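Below: work.cif (mmCIF, C-alpha atoms)
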data_final
#
loop_
_atom_site.label_atom_id
_atom_site.label_comp_id
_atom_site.auth_asym_id
_atom_site.auth_seq_id
_atom_site.Cartn_x
_atom_site.Cartn_y
_atom_site.Cartn_z
CA MET A 13 -31.77 -24.88 4.56
CA GLN A 14 -30.17 -22.23 6.74
CA ARG A 15 -26.56 -21.32 6.08
CA ILE A 16 -24.86 -21.72 9.45
CA SER A 17 -21.26 -22.42 10.37
CA GLU A 18 -19.17 -22.76 13.52
CA TYR A 19 -15.49 -21.91 13.48
CA SER A 20 -12.69 -21.69 16.02
CA ARG A 21 -9.15 -20.39 15.75
CA GLU A 22 -6.40 -20.58 18.35
CA THR A 23 -2.92 -19.06 18.20
CA GLY A 24 -0.34 -17.91 20.71
CA GLU A 25 -2.06 -14.50 20.62
CA THR A 26 -5.81 -15.22 20.42
CA ARG A 27 -8.54 -17.81 21.00
CA ILE A 28 -11.66 -17.19 18.93
CA SER A 29 -14.94 -19.05 18.51
CA ILE A 30 -17.71 -18.05 16.11
CA ILE A 31 -21.18 -19.18 15.14
CA ILE A 32 -22.68 -17.40 12.13
CA ASN A 33 -26.08 -17.74 10.50
CA LEU A 34 -26.36 -15.95 7.16
CA ASP A 35 -30.15 -16.35 7.23
CA GLY A 36 -30.67 -14.85 10.66
CA SER A 37 -32.25 -11.63 11.87
CA GLY A 38 -29.23 -9.68 13.06
CA LYS A 39 -28.99 -11.07 16.60
CA THR A 40 -25.52 -10.83 18.13
CA ASP A 41 -23.55 -12.00 21.14
CA ILE A 42 -20.09 -10.50 20.76
CA SER A 43 -17.21 -10.22 23.20
CA THR A 44 -13.77 -9.42 21.78
CA GLY A 45 -12.12 -7.64 24.68
CA TRP A 46 -12.33 -4.29 22.85
CA GLY A 47 -15.63 -2.45 22.98
CA MET A 48 -15.10 -0.61 19.71
CA LEU A 49 -14.69 -3.89 17.80
CA ASP A 50 -17.75 -5.33 19.57
CA HIS A 51 -19.72 -2.29 18.44
CA MET A 52 -18.62 -2.48 14.79
CA LEU A 53 -19.22 -6.24 14.56
CA THR A 54 -22.68 -5.75 16.05
CA LEU A 55 -23.49 -3.11 13.44
CA LEU A 56 -22.11 -5.24 10.60
CA ALA A 57 -24.13 -8.32 11.59
CA PHE A 58 -27.32 -6.34 12.27
CA TRP A 59 -27.28 -4.58 8.91
CA ALA A 60 -26.39 -7.84 7.14
CA HIS A 61 -29.33 -9.63 8.84
CA MET A 62 -26.85 -12.27 10.05
CA ASP A 63 -26.87 -13.83 13.50
CA LEU A 64 -23.37 -13.70 14.93
CA SER A 65 -21.91 -15.13 18.13
CA LEU A 66 -18.21 -14.31 18.52
CA CYS A 67 -15.93 -14.65 21.53
CA CYS A 68 -12.27 -13.62 21.42
CA LYS A 69 -9.70 -13.90 24.19
CA GLY A 70 -6.62 -12.07 23.03
CA ASP A 71 -3.41 -10.42 24.19
CA MET A 72 -5.04 -7.07 24.91
CA HIS A 73 -2.19 -6.27 27.32
CA VAL A 74 -0.16 -5.64 24.14
CA ASP A 75 -2.84 -3.79 22.15
CA ALA A 76 -5.91 -4.67 20.10
CA HIS A 77 -4.06 -5.45 16.86
CA HIS A 78 -3.87 -9.25 17.11
CA SER A 79 -7.46 -9.58 18.34
CA VAL A 80 -8.83 -7.32 15.59
CA GLU A 81 -6.91 -8.98 12.75
CA ASP A 82 -7.61 -12.52 13.99
CA CYS A 83 -11.32 -11.74 14.44
CA GLY A 84 -11.30 -10.64 10.78
CA LEU A 85 -9.64 -13.89 9.72
CA ALA A 86 -11.99 -16.03 11.80
CA LEU A 87 -15.08 -14.13 10.65
CA GLY A 88 -14.02 -14.52 7.02
CA ALA A 89 -13.47 -18.27 7.40
CA ALA A 90 -16.83 -18.74 9.14
CA PHE A 91 -18.58 -16.60 6.52
CA LEU A 92 -17.04 -18.59 3.65
CA ALA A 93 -18.02 -21.91 5.26
CA ALA A 94 -21.59 -20.71 5.80
CA LEU A 95 -21.88 -19.73 2.12
CA GLY A 96 -21.38 -23.36 1.13
CA ASP A 97 -21.36 -23.94 -2.64
CA LYS A 98 -22.65 -20.38 -3.32
CA LYS A 99 -25.35 -21.68 -5.65
CA GLY A 100 -28.15 -19.19 -6.14
CA ILE A 101 -26.54 -16.21 -4.39
CA ALA A 102 -26.69 -12.74 -5.94
CA ARG A 103 -22.89 -12.60 -5.48
CA ASN A 104 -22.55 -8.78 -5.66
CA GLY A 105 -23.71 -6.19 -3.18
CA TYR A 106 -23.46 -2.49 -2.49
CA GLY A 107 -24.23 -0.39 0.55
CA ARG A 108 -24.11 3.31 1.36
CA VAL A 109 -25.36 4.27 4.82
CA PRO A 110 -24.74 7.70 6.37
CA MET A 111 -23.96 8.28 10.03
CA ASP A 112 -24.70 11.90 10.84
CA GLU A 113 -22.13 14.00 8.93
CA ALA A 114 -20.15 10.97 7.70
CA LEU A 115 -20.65 8.77 4.65
CA ALA A 116 -18.84 5.63 3.55
CA GLU A 117 -19.73 3.01 0.96
CA ALA A 118 -18.95 -0.65 0.57
CA THR A 119 -19.07 -2.88 -2.50
CA VAL A 120 -18.53 -6.65 -2.46
CA ASP A 121 -18.16 -9.45 -4.96
CA LEU A 122 -18.23 -12.95 -3.45
CA SER A 123 -16.03 -14.06 -6.32
CA GLY A 124 -13.60 -16.40 -4.60
CA ARG A 125 -10.86 -13.83 -5.24
CA PRO A 126 -9.76 -11.94 -2.12
CA TRP A 127 -8.98 -8.26 -2.53
CA LEU A 128 -9.34 -5.09 -0.49
CA VAL A 129 -9.49 -1.56 -1.84
CA TRP A 130 -9.43 0.95 1.05
CA LEU A 131 -9.96 4.57 0.03
CA GLY A 132 -10.29 7.83 1.92
CA ASP A 133 -8.76 6.78 5.23
CA GLU A 134 -7.01 10.14 5.42
CA LEU A 135 -10.37 11.31 6.80
CA LEU A 136 -9.90 9.06 9.85
CA PRO A 137 -8.04 10.49 12.85
CA PRO A 138 -4.74 8.72 13.59
CA VAL A 139 -6.14 7.26 16.84
CA ILE A 140 -9.72 6.05 17.40
CA ALA A 141 -10.81 4.54 20.73
CA ARG A 142 -7.18 4.46 21.88
CA GLU A 143 -5.97 2.40 18.89
CA GLU A 144 -4.30 3.38 15.62
CA LYS A 145 -6.64 3.80 12.66
CA ASP A 146 -4.71 1.24 10.55
CA ILE A 147 -6.14 -1.53 12.70
CA TRP A 148 -9.41 -1.19 10.74
CA ARG A 149 -7.75 -1.66 7.36
CA GLU A 150 -6.14 -4.82 8.76
CA PHE A 151 -9.51 -6.08 10.00
CA TYR A 152 -11.23 -5.64 6.66
CA LYS A 153 -8.24 -7.03 4.76
CA ALA A 154 -8.28 -10.15 6.96
CA PHE A 155 -12.05 -10.53 6.57
CA ALA A 156 -11.92 -10.28 2.77
CA THR A 157 -8.87 -12.54 2.51
CA ALA A 158 -10.26 -15.38 4.63
CA GLY A 159 -13.74 -14.91 3.16
CA GLN A 160 -12.31 -14.96 -0.37
CA PHE A 161 -14.18 -11.94 -1.69
CA ASN A 162 -13.52 -8.57 -3.27
CA LEU A 163 -14.20 -5.73 -0.83
CA HIS A 164 -14.04 -2.05 -1.70
CA ILE A 165 -14.57 0.43 1.13
CA ALA A 166 -14.48 4.18 0.48
CA PHE A 167 -14.78 6.87 3.13
CA LEU A 168 -16.42 9.70 1.20
CA TYR A 169 -16.65 12.51 3.75
CA GLY A 170 -17.07 13.16 7.44
CA LYS A 171 -15.42 14.75 10.48
CA ASN A 172 -15.82 12.15 13.23
CA GLY A 173 -13.76 8.95 13.09
CA HIS A 174 -16.32 6.92 15.03
CA HIS A 175 -19.06 8.02 12.65
CA LEU A 176 -16.96 7.17 9.59
CA LEU A 177 -16.29 3.67 10.90
CA GLU A 178 -19.96 3.18 11.76
CA SER A 179 -20.95 4.22 8.25
CA ALA A 180 -18.47 1.70 6.79
CA ALA A 181 -19.66 -1.17 9.01
CA LYS A 182 -23.34 -0.51 8.26
CA SER A 183 -22.64 -0.10 4.55
CA LEU A 184 -20.76 -3.40 4.44
CA GLY A 185 -23.63 -5.09 6.26
CA VAL A 186 -26.07 -3.86 3.61
CA ALA A 187 -23.70 -4.96 0.82
CA LEU A 188 -23.33 -8.44 2.29
CA SER A 189 -27.07 -8.83 2.82
CA CYS A 190 -27.54 -8.15 -0.90
CA ALA A 191 -24.68 -10.42 -2.01
CA VAL A 192 -25.74 -13.49 0.00
CA LEU A 193 -29.38 -13.20 -1.06
CA ARG A 194 -30.59 -16.27 -2.90
CA THR A 195 -31.87 -15.15 -6.29
CA GLY A 196 -31.70 -18.39 -8.28
CA THR A 197 -30.29 -21.90 -8.26
CA GLY A 198 -27.12 -21.72 -10.33
CA LEU A 199 -23.76 -20.08 -9.86
CA LYS A 200 -23.60 -16.46 -10.96
CA SER A 201 -20.46 -16.88 -13.02
CA THR A 202 -19.69 -17.25 -16.73
CA LYS A 203 -16.81 -19.53 -15.68
CA GLY A 204 -19.15 -21.87 -13.84
CA VAL A 205 -17.20 -21.61 -10.56
CA LEU A 206 -16.86 -19.15 -7.69
#

In structure tokens, write the structure found in this file.
Amino acid sequence: MQRISEYSRETGETRISIIINLDGSGKTDISTGWGMLDHMLTLLAFWAHMDLSLCCKGDMHVDAHHSVEDCGLALGAAFLAALGDKKGIARNGYGRVPMDEALAEATVDLSGRPWLVWLGDELLPPVIAREEKDIWREFYKAFATAGQFNLHIAFLYGKNGHHLLESAAKSLGVALSCAVLRTGTGLKSTKGVL
């Protein structure tokens, strides 16, 4: 049985609809109103081998903040729903993918406990693609919170902000592809719940 979910979220700032298939091939159809977010979501889904359709209509006349954060929340909710009861999943995953001179790593635990550790962002320039760098921490925090998982992202080294963010997105995709992999039939927890 494929793990697919559909999710929509509407606020005074954004309207978002998502379809996610955790057992896909990395096909994407993404339109958020900000090309940089489209690019990073495409990389994340491709490297995670997930099919992702995401459309966001947001208040881009203000800036990209609301759209980016709300896309993280919606993606996390859709991801969690697609996971279902989590029986048989590997639960943990790790990825480390370079992008030219830059290297970031991502580690996840689909534990049911949301947490973000965000290290090394002093390597990022203050502004990337006309938006403040902090927008990316907010995206990943929203994704981990709504998805109810531990997420550790570390920027290890690099000179180019775009490359650093690409390395992080690809690394997270690899980590998620490992964590959602079905390796058994039971829950990978000594507590018996995730």

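Ranking A:Asp112, A:Thr202, A:Gly105, A:Asn172 by their shortest atom-to-atom distance to Pro138 of chain A, with all atoms listed in the file included, puts A:Asn172 first.
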
Problem set entry | Hits from the PyMOL selection byres ((chain A and resi 153-164) around 9), listed as a ChimeraX atom specification | /A:81-93,117-131,148-152,165-166,184

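The environment of segment 95-101 of chain A within 10 Å, counting all atoms listed in the file and disregarding residues fewer than 2 places along the same chain, consists of Gln14, Arg15, Ile16, Ser17, Asn33, Leu34, Ala90, Phe91, Leu92, Ala93, Arg103, Asn104, Leu122, Ser123, Gly124, Gly159, Cys190, Ala191, Val192, Leu193, Arg194, Thr195, Gly196, Thr197, Gly198, Leu199, Lys200, Val205 and Leu206 of chain A.
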
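Put simply, atom CA of Cys67 of chain A is 25.4 Å away from atom CA of Met13 of chain A.
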
Residues of segment 97-156 of chain A at most 12 Å from segment 72-76 of chain A: nearest atom pair and distance in Å, all atoms listed in the file, as a Markdown table:
| residue | atom | partner | partner_atom | distance |
| --- | --- | --- | --- | --- |
| A:Ile140 | CA | A:Ala76 | CA | 11.7 |
| A:Ala141 | CA | A:Ala76 | CA | 10.5 |
| A:Arg142 | CA | A:Asp75 | CA | 9.3 |
| A:Glu143 | CA | A:Ala76 | CA | 7.2 |
| A:Glu144 | CA | A:Ala76 | CA | 9.4 |
| A:Lys145 | CA | A:Ala76 | CA | 11.3 |
| A:Asp146 | CA | A:Ala76 | CA | 11.3 |
| A:Ile147 | CA | A:Ala76 | CA | 8.0 |
| A:Trp148 | CA | A:Ala76 | CA | 10.6 |
| A:Glu150 | CA | A:Ala76 | CA | 11.3 |
| A:Phe151 | CA | A:Ala76 | CA | 10.8 |

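Proximity ranking of A:Cys68, A:Ala181, A:Ile30, A:Met62 relative to Gly45 of chain A places A:Cys68 first, based on all atoms listed in the file.
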